[in-house]
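Here is the file my_file_38.cif (mmCIF, C-alpha atoms and all ligand atoms).
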```cif
data_model
loop_
_atom_site.label_atom_id
_atom_site.label_comp_id
_atom_site.auth_asym_id
_atom_site.auth_seq_id
_atom_site.Cartn_x
_atom_site.Cartn_y
_atom_site.Cartn_z
CA MET A 1 22.91 -30.68 18.16
CA ASN A 2 24.80 -32.65 15.57
CA ILE A 3 22.51 -32.29 12.58
CA ASP A 4 23.63 -31.49 9.08
CA ILE A 5 22.11 -28.13 8.08
CA ASP A 6 22.91 -26.54 4.73
CA ARG A 7 25.55 -23.81 5.04
CA GLY A 8 23.37 -21.40 3.08
CA ILE A 9 20.66 -21.72 5.73
CA LYS A 10 23.15 -21.38 8.61
CA GLU A 11 24.37 -18.10 7.16
CA ILE A 12 20.92 -16.47 6.90
CA PRO A 13 20.65 -13.64 9.42
CA HIS A 14 17.61 -13.41 11.67
CA TYR A 15 15.06 -10.86 10.45
CA PRO A 16 15.69 -7.57 12.32
CA LYS A 17 12.34 -7.30 14.13
CA ALA A 18 11.60 -4.21 16.18
CA LEU A 19 10.73 -4.98 19.77
CA ALA A 20 6.96 -5.24 20.00
CA TYR A 21 6.03 -3.04 22.90
CA GLY A 22 2.31 -2.27 23.09
CA ASP A 23 0.79 1.10 22.23
CA SER A 24 -1.03 1.29 25.52
CA ASP A 25 1.81 1.63 28.00
CA GLY A 26 3.43 4.80 26.83
CA TRP A 27 5.64 3.50 24.02
CA VAL A 28 6.03 5.60 20.89
CA ARG A 29 6.56 3.12 18.08
CA LEU A 30 8.28 4.78 15.14
CA ALA A 31 10.55 1.89 14.10
CA SER A 32 8.52 -0.25 11.69
CA ASN A 33 6.67 2.12 9.35
CA GLU A 34 3.29 1.05 10.62
CA ASN A 35 0.18 3.18 10.49
CA PRO A 36 0.05 5.13 13.78
CA TYR A 37 -3.76 5.16 13.85
CA PRO A 38 -6.21 2.33 14.56
CA PRO A 39 -7.90 0.77 11.51
CA SER A 40 -11.10 2.33 10.19
CA LYS A 41 -14.39 1.76 12.01
CA ALA A 42 -15.67 -0.21 9.01
CA VAL A 43 -12.73 -2.59 9.47
CA LEU A 44 -13.33 -3.06 13.18
CA GLU A 45 -17.02 -3.81 12.61
CA ALA A 46 -16.22 -6.30 9.86
CA ILE A 47 -13.72 -8.03 12.17
CA LEU A 48 -16.28 -8.38 14.95
CA ASP A 49 -18.74 -9.91 12.52
CA ALA A 50 -16.15 -12.30 11.14
CA LEU A 51 -15.19 -13.62 14.56
CA PHE A 52 -18.26 -15.86 14.52
CA GLY A 53 -16.95 -17.58 11.40
CA ILE A 54 -13.60 -18.77 12.71
CA THR A 55 -14.78 -22.37 13.08
CA ARG A 56 -14.61 -22.62 9.27
CA TYR A 57 -11.66 -22.49 6.92
CA PRO A 58 -11.19 -19.00 5.50
CA GLY A 59 -13.52 -17.98 2.68
CA GLY A 60 -13.81 -14.72 0.82
CA GLU A 61 -10.56 -14.73 -1.16
CA PHE A 62 -12.35 -14.30 -4.45
CA GLU A 63 -14.48 -11.43 -3.10
CA LEU A 64 -11.37 -9.61 -1.91
CA LYS A 65 -9.65 -10.17 -5.25
CA GLN A 66 -12.73 -8.73 -6.93
CA SER A 67 -12.62 -5.62 -4.73
CA ILE A 68 -8.93 -5.14 -5.51
CA ALA A 69 -9.55 -5.73 -9.22
CA LYS A 70 -12.34 -3.14 -9.22
CA LYS A 71 -10.12 -0.58 -7.53
CA PHE A 72 -7.42 -0.96 -10.19
CA GLY A 73 -9.61 -1.68 -13.23
CA ILE A 74 -8.17 -5.17 -13.76
CA LYS A 75 -9.51 -8.74 -13.52
CA ALA A 76 -9.66 -10.79 -10.32
CA GLU A 77 -7.43 -13.40 -12.05
CA GLN A 78 -4.67 -10.81 -12.08
CA VAL A 79 -4.51 -10.72 -8.29
CA VAL A 80 -2.94 -13.15 -5.83
CA LEU A 81 -3.25 -12.62 -2.10
CA GLY A 82 -0.58 -13.35 0.47
CA ASP A 83 -0.07 -13.70 4.21
CA GLY A 84 1.51 -10.26 4.12
CA SER A 85 3.49 -9.22 1.07
CA ASP A 86 6.24 -11.24 2.73
CA GLU A 87 4.42 -14.35 1.55
CA VAL A 88 4.12 -12.87 -1.94
CA ILE A 89 7.91 -12.43 -2.00
CA GLU A 90 8.21 -16.14 -1.15
CA MET A 91 5.66 -17.14 -3.80
CA ILE A 92 7.64 -15.27 -6.45
CA LEU A 93 10.81 -17.11 -5.44
CA LYS A 94 9.05 -20.47 -5.36
CA ALA A 95 7.24 -20.08 -8.67
CA SER A 96 10.39 -18.82 -10.43
CA ARG A 97 12.44 -21.90 -9.54
CA HIS A 98 14.77 -22.66 -12.46
CA LYS A 99 17.38 -25.36 -13.11
CA GLU A 100 20.16 -22.94 -14.03
CA LYS A 101 19.10 -19.39 -13.32
CA LYS A 102 19.39 -18.75 -9.60
CA GLY A 103 20.33 -15.08 -9.54
CA VAL A 104 18.38 -12.43 -7.65
CA ILE A 105 19.25 -8.75 -7.93
CA ILE A 106 18.36 -6.34 -5.14
CA THR A 107 19.51 -2.88 -4.16
CA GLU A 108 21.84 -2.16 -1.27
CA PRO A 109 20.29 -1.21 1.08
CA ALA A 110 16.92 -2.85 0.61
CA PHE A 111 14.11 -4.30 2.69
CA ALA A 112 15.78 -7.18 4.58
CA PHE A 113 13.37 -9.96 3.63
CA TYR A 114 14.27 -9.96 -0.10
CA SER A 115 17.70 -11.35 0.58
CA ILE A 116 16.64 -13.55 3.50
CA ALA A 117 13.88 -15.21 1.45
CA SER A 118 16.11 -15.50 -1.64
CA LYS A 119 18.70 -17.39 0.39
CA ILE A 120 16.06 -19.67 1.94
CA TYR A 121 15.02 -20.75 -1.56
CA GLY A 122 18.59 -21.31 -2.74
CA TYR A 123 19.10 -18.20 -4.88
CA ASN A 124 22.32 -16.18 -5.12
CA VAL A 125 21.88 -12.54 -4.26
CA LYS A 126 23.64 -9.73 -6.09
CA MET A 127 23.40 -6.31 -4.47
CA VAL A 128 23.54 -3.06 -6.41
CA PRO A 129 24.46 0.04 -4.34
CA LEU A 130 22.29 3.15 -4.51
CA LYS A 131 23.49 6.38 -6.10
CA ASN A 132 22.82 9.49 -4.02
CA MET A 133 20.37 7.47 -1.92
CA LYS A 134 18.37 6.55 -5.03
CA VAL A 135 17.91 3.37 -7.02
CA ASP A 136 19.84 3.64 -10.28
CA LEU A 137 17.98 1.48 -12.78
CA ASP A 138 20.88 1.64 -15.27
CA ASP A 139 23.15 0.08 -12.66
CA ILE A 140 20.53 -2.59 -12.00
CA LYS A 141 20.39 -3.31 -15.73
CA ASP A 142 24.19 -3.56 -15.87
CA ALA A 143 24.13 -6.09 -13.04
CA ILE A 144 22.03 -8.57 -15.06
CA ASP A 145 23.93 -11.67 -16.12
CA ALA A 146 23.12 -15.07 -17.62
CA ASN A 147 21.95 -16.35 -14.21
CA THR A 148 19.57 -13.54 -13.36
CA ARG A 149 16.04 -14.74 -12.68
CA ILE A 150 14.39 -12.11 -10.45
CA ILE A 151 14.92 -8.41 -9.79
CA PHE A 152 13.35 -7.03 -6.62
CA LEU A 153 12.69 -3.30 -6.83
CA ASN A 154 11.04 -1.30 -4.09
CA ASN A 155 9.33 1.96 -4.91
CA PRO A 156 9.36 4.08 -2.75
CA LEU A 157 12.47 2.47 -1.33
CA ASN A 158 12.65 1.35 2.26
CA PRO A 159 14.76 2.81 3.96
CA THR A 160 15.36 6.02 1.96
CA GLY A 161 11.79 6.93 0.92
CA THR A 162 13.10 7.85 -2.56
CA ILE A 163 11.44 6.79 -5.82
CA PHE A 164 12.42 6.01 -9.37
CA LYS A 165 10.18 7.75 -11.87
CA GLU A 166 7.96 6.71 -14.76
CA ASN A 167 10.43 7.63 -17.52
CA GLU A 168 13.27 5.81 -15.73
CA PHE A 169 11.17 2.67 -15.35
CA GLU A 170 9.93 2.83 -18.93
CA ASP A 171 13.51 3.03 -20.18
CA PHE A 172 14.57 0.19 -17.93
CA ILE A 173 11.82 -2.31 -18.59
CA LYS A 174 12.06 -2.22 -22.37
CA ASP A 175 15.56 -3.73 -22.20
CA ILE A 176 14.85 -6.44 -19.65
CA PRO A 177 14.87 -9.98 -21.11
CA SER A 178 11.44 -11.59 -20.95
CA ASN A 179 12.54 -14.50 -18.75
CA ILE A 180 13.49 -12.21 -15.87
CA ILE A 181 10.79 -11.37 -13.36
CA VAL A 182 10.72 -7.77 -12.20
CA ALA A 183 8.99 -7.53 -8.84
CA VAL A 184 8.07 -3.96 -7.97
CA ASP A 185 7.24 -3.72 -4.29
CA GLU A 186 4.96 -0.73 -3.72
CA ALA A 187 4.32 -1.37 -0.02
CA TYR A 188 4.38 2.41 0.53
CA GLY A 189 2.84 3.38 -2.82
CA GLU A 190 -0.31 4.91 -1.30
CA PHE A 191 1.77 7.62 0.38
CA VAL A 192 3.43 8.90 -2.80
CA THR A 193 2.60 12.46 -3.89
CA ASP A 194 5.10 12.83 -6.78
CA ARG A 195 3.13 12.82 -10.04
CA ASP A 196 5.98 11.11 -11.86
CA PHE A 197 5.60 7.95 -9.82
CA PRO A 198 5.39 5.07 -12.33
CA GLN A 199 1.95 3.78 -13.22
CA SER A 200 3.25 0.28 -12.87
CA LEU A 201 -0.02 -1.33 -14.00
CA ARG A 202 0.77 -0.12 -17.51
CA TYR A 203 3.56 -2.69 -17.77
CA ILE A 204 1.98 -5.92 -16.55
CA ASP A 205 0.52 -7.08 -19.87
CA ASP A 206 3.71 -6.91 -21.91
CA HIS A 207 6.38 -7.71 -19.32
CA PRO A 208 6.80 -10.15 -16.43
CA VAL A 209 6.29 -7.28 -14.01
CA LEU A 210 4.68 -8.15 -10.68
CA ILE A 211 3.43 -5.38 -8.43
CA LEU A 212 3.40 -6.02 -4.69
CA LYS A 213 1.10 -4.16 -2.34
CA THR A 214 0.10 -4.50 1.27
CA PHE A 215 -2.59 -3.69 3.81
CA SER A 216 0.10 -3.34 6.51
CA LYS A 217 0.96 0.31 5.98
CA ALA A 218 -1.65 2.84 4.79
CA TYR A 219 -4.52 0.53 5.82
CA ALA A 220 -3.25 -0.19 9.35
CA LEU A 221 -3.53 -3.99 9.23
CA ALA A 222 0.12 -4.97 9.87
CA GLY A 223 -0.83 -7.35 12.65
CA LEU A 224 -3.35 -9.25 10.53
CA ARG A 225 -0.81 -10.03 7.79
CA ILE A 226 -2.30 -9.49 4.37
CA GLY A 227 -0.78 -8.29 1.12
CA TYR A 228 -1.28 -8.94 -2.59
CA CYS A 229 0.35 -9.02 -5.97
CA ILE A 230 -0.91 -7.86 -9.36
CA GLY A 231 0.37 -9.15 -12.68
CA GLU A 232 -0.50 -10.90 -15.92
CA ALA A 233 -3.09 -13.64 -15.23
CA SER A 234 -1.03 -16.72 -16.19
CA LEU A 235 1.96 -15.57 -14.16
CA ILE A 236 -0.31 -14.85 -11.20
CA SER A 237 -1.80 -18.34 -11.46
CA TYR A 238 1.68 -19.87 -11.11
CA LEU A 239 2.27 -17.86 -7.97
CA GLU A 240 -1.09 -18.99 -6.61
CA ARG A 241 -0.09 -22.66 -7.04
CA THR A 242 2.88 -22.23 -4.71
CA ARG A 243 0.77 -20.85 -1.90
CA GLN A 244 -0.37 -22.75 1.17
CA PRO A 245 -4.10 -23.43 0.65
CA PHE A 246 -5.30 -21.24 3.53
CA SER A 247 -2.38 -18.95 4.32
CA ILE A 248 -4.57 -15.89 4.87
CA ASN A 249 -6.83 -16.04 7.87
CA SER A 250 -10.55 -15.30 7.64
CA ILE A 251 -10.34 -12.14 9.78
CA ALA A 252 -7.68 -10.61 7.54
CA LEU A 253 -9.74 -11.32 4.42
CA VAL A 254 -12.83 -9.45 5.60
CA ALA A 255 -10.80 -6.68 7.24
CA ALA A 256 -8.93 -6.00 4.00
CA ARG A 257 -12.17 -5.77 2.05
CA ALA A 258 -13.66 -3.35 4.53
CA ALA A 259 -10.44 -1.32 4.49
CA LEU A 260 -10.62 -0.89 0.72
CA SER A 261 -14.18 0.33 0.94
CA ASP A 262 -13.37 3.18 3.36
CA GLU A 263 -11.83 5.85 1.16
CA ASP A 264 -12.32 8.64 3.71
CA TYR A 265 -10.14 6.77 6.18
CA LEU A 266 -7.30 6.47 3.67
CA LYS A 267 -7.62 10.14 2.80
CA ALA A 268 -7.28 11.13 6.48
CA ILE A 269 -4.23 8.90 6.91
CA LEU A 270 -2.52 10.43 3.87
CA GLU A 271 -3.32 13.96 5.07
CA ASN A 272 -1.74 13.21 8.44
CA ASN A 273 1.34 11.89 6.67
CA THR A 274 1.72 14.97 4.47
CA ARG A 275 1.22 17.40 7.35
CA GLU A 276 3.53 15.56 9.75
CA LYS A 277 6.17 15.11 7.07
CA ALA A 278 6.31 18.90 6.87
CA PHE A 279 6.66 19.03 10.68
CA TYR A 280 9.69 16.72 10.47
CA TYR A 281 11.28 18.63 7.59
CA ARG A 282 11.04 21.90 9.55
CA ALA A 283 12.33 20.32 12.75
CA PHE A 284 15.30 18.60 11.07
CA HIS A 285 16.10 21.77 9.17
CA ASN A 286 16.11 23.77 12.42
CA LEU A 287 18.51 21.24 13.93
CA SER A 288 20.71 21.36 10.80
CA LEU A 289 20.22 17.60 10.38
CA GLU A 290 20.44 16.24 6.87
CA TYR A 291 17.37 14.23 5.85
CA ILE A 292 16.25 12.55 2.64
CA PRO A 293 12.98 13.99 1.27
CA THR A 294 10.56 11.08 1.39
CA GLU A 295 7.62 9.76 -0.63
CA ALA A 296 6.72 7.27 2.09
CA ASN A 297 5.60 7.25 5.74
CA PHE A 298 9.12 7.32 7.15
CA ILE A 299 12.16 9.58 6.97
CA LEU A 300 15.84 8.72 6.86
CA VAL A 301 17.83 11.28 8.80
CA LYS A 302 21.56 11.63 9.32
CA ILE A 303 22.30 11.90 13.02
CA GLY A 304 26.07 11.35 12.85
CA LYS A 305 28.44 8.99 14.59
CA ASP A 306 26.27 8.86 17.74
CA ALA A 307 23.21 7.58 15.87
CA GLU A 308 23.29 4.19 17.59
CA SER A 309 23.73 5.54 21.11
CA ILE A 310 21.05 8.18 20.50
CA THR A 311 18.67 5.40 19.38
CA LYS A 312 19.40 3.66 22.69
CA ARG A 313 18.80 6.84 24.68
CA LEU A 314 15.46 7.27 22.88
CA PHE A 315 14.61 3.67 23.73
CA GLU A 316 15.18 4.45 27.42
CA GLU A 317 12.51 7.11 27.00
CA LYS A 318 10.18 4.50 25.43
CA ILE A 319 10.63 5.91 21.93
CA LEU A 320 11.37 3.32 19.25
CA VAL A 321 13.11 4.38 16.04
CA ARG A 322 15.34 2.31 13.75
CA TRP A 323 19.10 2.71 13.80
CA MET A 324 20.30 1.97 10.27
CA GLY A 325 23.51 0.08 11.11
CA ALA A 326 22.01 -3.15 9.73
CA TYR A 327 21.34 -1.32 6.45
CA GLY A 328 24.97 -0.18 6.15
CA LEU A 329 24.07 3.40 7.15
CA PRO A 330 25.43 3.64 10.72
CA GLU A 331 25.12 7.43 10.90
CA TYR A 332 21.41 7.35 10.10
CA ILE A 333 18.17 6.55 11.81
CA ARG A 334 14.84 5.90 10.13
CA VAL A 335 11.80 7.35 11.84
CA THR A 336 8.21 6.49 10.98
CA ILE A 337 5.86 9.45 10.58
CA GLY A 338 3.48 8.97 13.49
CA ARG A 339 0.63 10.90 15.08
CA PRO A 340 1.38 14.57 15.85
CA GLU A 341 1.84 13.94 19.57
CA GLU A 342 4.22 11.01 18.90
CA ASN A 343 6.30 13.00 16.44
CA LYS A 344 6.50 15.86 18.90
CA ARG A 345 7.58 13.56 21.73
CA PHE A 346 10.30 12.07 19.54
CA MET A 347 11.54 15.49 18.38
CA GLU A 348 11.60 16.93 21.89
CA ALA A 349 13.56 13.93 23.17
CA LEU A 350 15.95 14.09 20.20
CA ILE A 351 16.63 17.78 20.73
CA ARG A 352 17.27 17.21 24.44
CA ILE A 353 19.61 14.27 23.80
CA ILE A 354 21.56 15.98 21.01
CA LYS A 355 22.04 19.12 23.03
C1 LIG A 401 9.39 -2.59 1.35
C2 LIG A 401 8.58 -3.55 2.15
N1 LIG A 401 8.01 -4.58 1.56
C3 LIG A 401 7.28 -5.47 2.24
C4 LIG A 401 7.12 -5.33 3.60
C5 LIG A 401 6.33 -6.37 4.32
O1 LIG A 401 5.01 -6.10 4.26
P1 LIG A 401 3.90 -7.09 4.79
O2 LIG A 401 3.56 -6.63 6.16
O3 LIG A 401 2.79 -6.94 3.81
O4 LIG A 401 4.48 -8.48 4.78
C6 LIG A 401 7.69 -4.26 4.27
C7 LIG A 401 7.52 -4.13 5.72
O5 LIG A 401 8.06 -3.31 6.39
C8 LIG A 401 8.45 -3.35 3.53
O6 LIG A 401 9.05 -2.31 4.11
#
```
Go ahead and render the structure in this file as structure tokens.
Amino acid sequence: MNIDIDRGIKEIPHYPKALAYGDSDGWVRLASNENPYPPSKAVLEAILDALFGITRYPGGEFELKQSIAKKFGIKAEQVVLGDGSDEVIEMILKASRHKEKKGVIITEPAFAFYSIASKIYGYNVKMVPLKNMKVDLDDIKDAIDANTRIIFLNNPLNPTGTIFKENEFEDFIKDIPSNIIVAVDEAYGEFVTDRDFPQSLRYIDDHPVLILKTFSKAYALAGLRIGYCIGEASLISYLERTRQPFSINSIALVAARAALSDEDYLKAILENNTREKAFYYRAFHNLSLEYIPTEANFILVKIGKDAESITKRLFEEKILVRWMGAYGLPEYIRVTIGRPEENKRFMEALIRIIK
């Protein structure tokens, strides 16, 4: 069709979605870092209840903000909700619109949507390579120029599972000019066990630091699409203004509240992750495969030059993992830590294929 579309839009790649095969027909889904277990019973009951309310526009945003605020010891005005943290990423880009400053800094590799969304909203993206598979905050600082408006950090980092630590972040943030927004995406923050993980809430009063979190991972609500952002109240209110009035559906709102209330569920999920992480470490070690120790619910492992074809062979056995070619790491795959039986099925298939 002969229609004039902006070149910047034409050049945006499609988001690399994993194929959505159901859980029920024998697929092992270890490609998208989802929670391998169903949501908590409290969540399922709340969803059933909420179904009767779908004739009305969604309510309950304030109640959910209050629950989040209580959990973190902050005020409800310091929370904005989003249709997944993907929408929060968009809100940050929309609210930060600036006549001259159109620069976004991200790491390379990084979660794909930072650069896709930045391009949609007309920003220029500067990528800063990792050092030894870790984010180097000094390099990020060096990349700042007169046009920089937003820095997207992700801690732990998808796809490596590595973190930057409290002292590194403290050093970094004190030198960042106050008109640059630092978005710290902690989508996998619940899984972290390292005690030096930054307490990012400490920074939100004195710096334009925005912390992104989601119910898609540890809380098992990826399909409902709900995430949130915490920051200083006036900054949060600007984000809120850029949001569609009812972007979060009524089922997601009640499900998220119920999810927060069920601490035993979260504990069990984190225990599974820790135990199964150890299973993977042992198995990769026995196969002499290099892996990156992870603070998240996925592991990046170096398979070698056959990584892509091995991913395809696994797919033929109904096992989905992510080949990292699109992240500039063609010798690697990223595997989500699943349920014990899923992890075992993946490892057995991998061993068979490699040998
Ligand atoms: C680092 C990171 N941020 C954000 C998201 C998106 O999360 P949500 O489902 O809340 O939109 C993902 C999803 O994989 C992710 O890996």
In the coordinates of the file, take the point (-2.4, -5.3, 9.1) and a cut-off of 9 Å; then, counting all atoms listed in the file, name each qualifying protein, DNA or RNA residue as a ChimeraX atom specification. /A:34-35,39,84,214-217,219-227,252,255-256
Produce as a ChimeraX atom specification the set of residues near ligand LIG 401 (chain A), where near means within 10 Å with only C-alpha atoms and all ligand atoms considered. /A:17,31-34,82-89,110-114,152-159,161,184-189,212-217,220-228
Which of these residues is nearest to A:Lys71, using only C-alpha atoms: A:Asp6, A:Asp136, A:Glu263, A:Glu348?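 Result for the nearest residue to A:Lys71: A:Glu263.
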Hey, what's within 12 Å of A:Glu170 if we count all atoms listed in the file and toss same-chain stuff fewer than 2 positions away? As JSON, numbers by chain, please? {"A": [137, 138, 164, 165, 166, 167, 168, 172, 173, 174, 175, 176, 196, 197, 198, 199, 200, 201, 202, 203, 206, 207, 209]}
Residues just named, written with C-alpha atoms as a PDB file, keeping the file's coordinate frame:
```pdb
ATOM      1  CA  LEU A 137      17.980   1.480 -12.780  1.00  0.00           C
ATOM      2  CA  ASP A 138      20.880   1.640 -15.270  1.00  0.00           C
ATOM      3  CA  PHE A 164      12.420   6.010  -9.370  1.00  0.00           C
ATOM      4  CA  LYS A 165      10.180   7.750 -11.870  1.00  0.00           C
ATOM      5  CA  GLU A 166       7.960   6.710 -14.760  1.00  0.00           C
ATOM      6  CA  ASN A 167      10.430   7.630 -17.520  1.00  0.00           C
ATOM      7  CA  GLU A 168      13.270   5.810 -15.730  1.00  0.00           C
ATOM      8  CA  PHE A 172      14.570   0.190 -17.930  1.00  0.00           C
ATOM      9  CA  ILE A 173      11.820  -2.310 -18.590  1.00  0.00           C
ATOM     10  CA  LYS A 174      12.060  -2.220 -22.370  1.00  0.00           C
ATOM     11  CA  ASP A 175      15.560  -3.730 -22.200  1.00  0.00           C
ATOM     12  CA  ILE A 176      14.850  -6.440 -19.650  1.00  0.00           C
ATOM     13  CA  ASP A 196       5.980  11.110 -11.860  1.00  0.00           C
ATOM     14  CA  PHE A 197       5.600   7.950  -9.820  1.00  0.00           C
ATOM     15  CA  PRO A 198       5.390   5.070 -12.330  1.00  0.00           C
ATOM     16  CA  GLN A 199       1.950   3.780 -13.220  1.00  0.00           C
ATOM     17  CA  SER A 200       3.250   0.280 -12.870  1.00  0.00           C
ATOM     18  CA  LEU A 201      -0.020  -1.330 -14.000  1.00  0.00           C
ATOM     19  CA  ARG A 202       0.770  -0.120 -17.510  1.00  0.00           C
ATOM     20  CA  TYR A 203       3.560  -2.690 -17.770  1.00  0.00           C
ATOM     21  CA  ASP A 206       3.710  -6.910 -21.910  1.00  0.00           C
ATOM     22  CA  HIS A 207       6.380  -7.710 -19.320  1.00  0.00           C
ATOM     23  CA  VAL A 209       6.290  -7.280 -14.010  1.00  0.00           C
TER      24      VAL A 209
END
```
From the options A:Ile353, A:Leu300, A:Ile54, A:Val104, which residue's atoms come nearest to A:Ile116, counting only C-alpha atoms?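 Using only C-alpha atoms, A:Ile116 sits closest to A:Val104.
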So how many Å separate atom CA of A:Phe62 and atom CA of A:Leu253, to one decimal?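 So the two atoms, atom CA of A:Phe62 and atom CA of A:Leu253, lie 9.7 Å apart.
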Can you work out which one of A:Pro177, A:Pro109, A:Gly328, A:Gly53 has the shortest atom-to-atom distance to A:Lys134, counting only C-alpha atoms?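 Comparing A:Pro177, A:Pro109, A:Gly328, A:Gly53 against A:Lys134, the winner is A:Pro109.
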Nearest to A:Tyr123: which of A:Glu240, A:Asp49, A:Glu308, A:Glu100 is it, counting all atoms listed in the file?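 Among the listed residues, A:Glu100 lies closest to A:Tyr123.
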What's the separation between atom CA of A:Ala259 and atom CA of A:Lys41, in Å to one decimal place? 9.0 Å
How many Å lie between atom CA of A:Ser250 and atom CA of A:Ile204, rounded to one decimal?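 Atom-to-atom, atom CA of A:Ser250 and atom CA of A:Ile204 are spaced 28.8 Å apart.
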Closest to A:Asp205 among A:Leu314, A:Ile333, A:Ala233, A:Ile163, using all atoms listed in the file?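 Ranking A:Leu314, A:Ile333, A:Ala233, A:Ile163 by distance to A:Asp205, first place goes to A:Ala233.
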A:Ile211, A:Ala283, A:Ile151, A:Ile269 ranked by distance to A:Val182, top pick (using all atoms listed in the file):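 So, comparing all the options, the nearest one is A:Ile151.
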Write out, as CSV, each residue of stretch 206-285 of chain A that has an atom at most 12 Å from stretch 192-195 of chain A, together with the closest pair of atoms and their distance in Å to one decimal, counting only C-alpha atoms, rows going by chain and rising number.
```
residue,atom,partner,partner_atom,distance
A:Ala218,CA,A:Val192,CA,11.0
A:Leu270,CA,A:Val192,CA,9.1
A:Glu271,CA,A:Thr193,CA,10.8
A:Asn273,CA,A:Val192,CA,10.1
A:Thr274,CA,A:Thr193,CA,8.8
A:Lys277,CA,A:Thr193,CA,11.8
```
Can I get the selected residues back with C-alpha atoms, as a PDB file, in the coordinates of the input?
```pdb
ATOM      1  CA  ALA A 218      -1.650   2.840   4.790  1.00  0.00           C
ATOM      2  CA  LEU A 270      -2.520  10.430   3.870  1.00  0.00           C
ATOM      3  CA  GLU A 271      -3.320  13.960   5.070  1.00  0.00           C
ATOM      4  CA  ASN A 273       1.340  11.890   6.670  1.00  0.00           C
ATOM      5  CA  THR A 274       1.720  14.970   4.470  1.00  0.00           C
ATOM      6  CA  LYS A 277       6.170  15.110   7.070  1.00  0.00           C
TER       7      LYS A 277
END
```
Residues within 7 Å of (19.9, -14.2, -13.6), file coords, all atoms listed in the file, listed as JSON, numbers by chain: {"A": [101, 102, 103, 104, 144, 145, 146, 147, 148, 149, 150]}
If we count only C-alpha atoms and set the cut-off at 10 Å, which residues sit around A:Arg257, ignoring sequence neighbours fewer than 2 positions away in its own chain? Please answer as a list in words.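 Contacts, in chain order: Ala42, Val43, Ala46, Gly60, Glu61, Glu63, Leu64, Lys65, Gln66, Ser67, Ile68, Phe215, Ala252, Leu253, Val254, Ala255, Ala259, Leu260, Ser261 and Asp262 of chain A.
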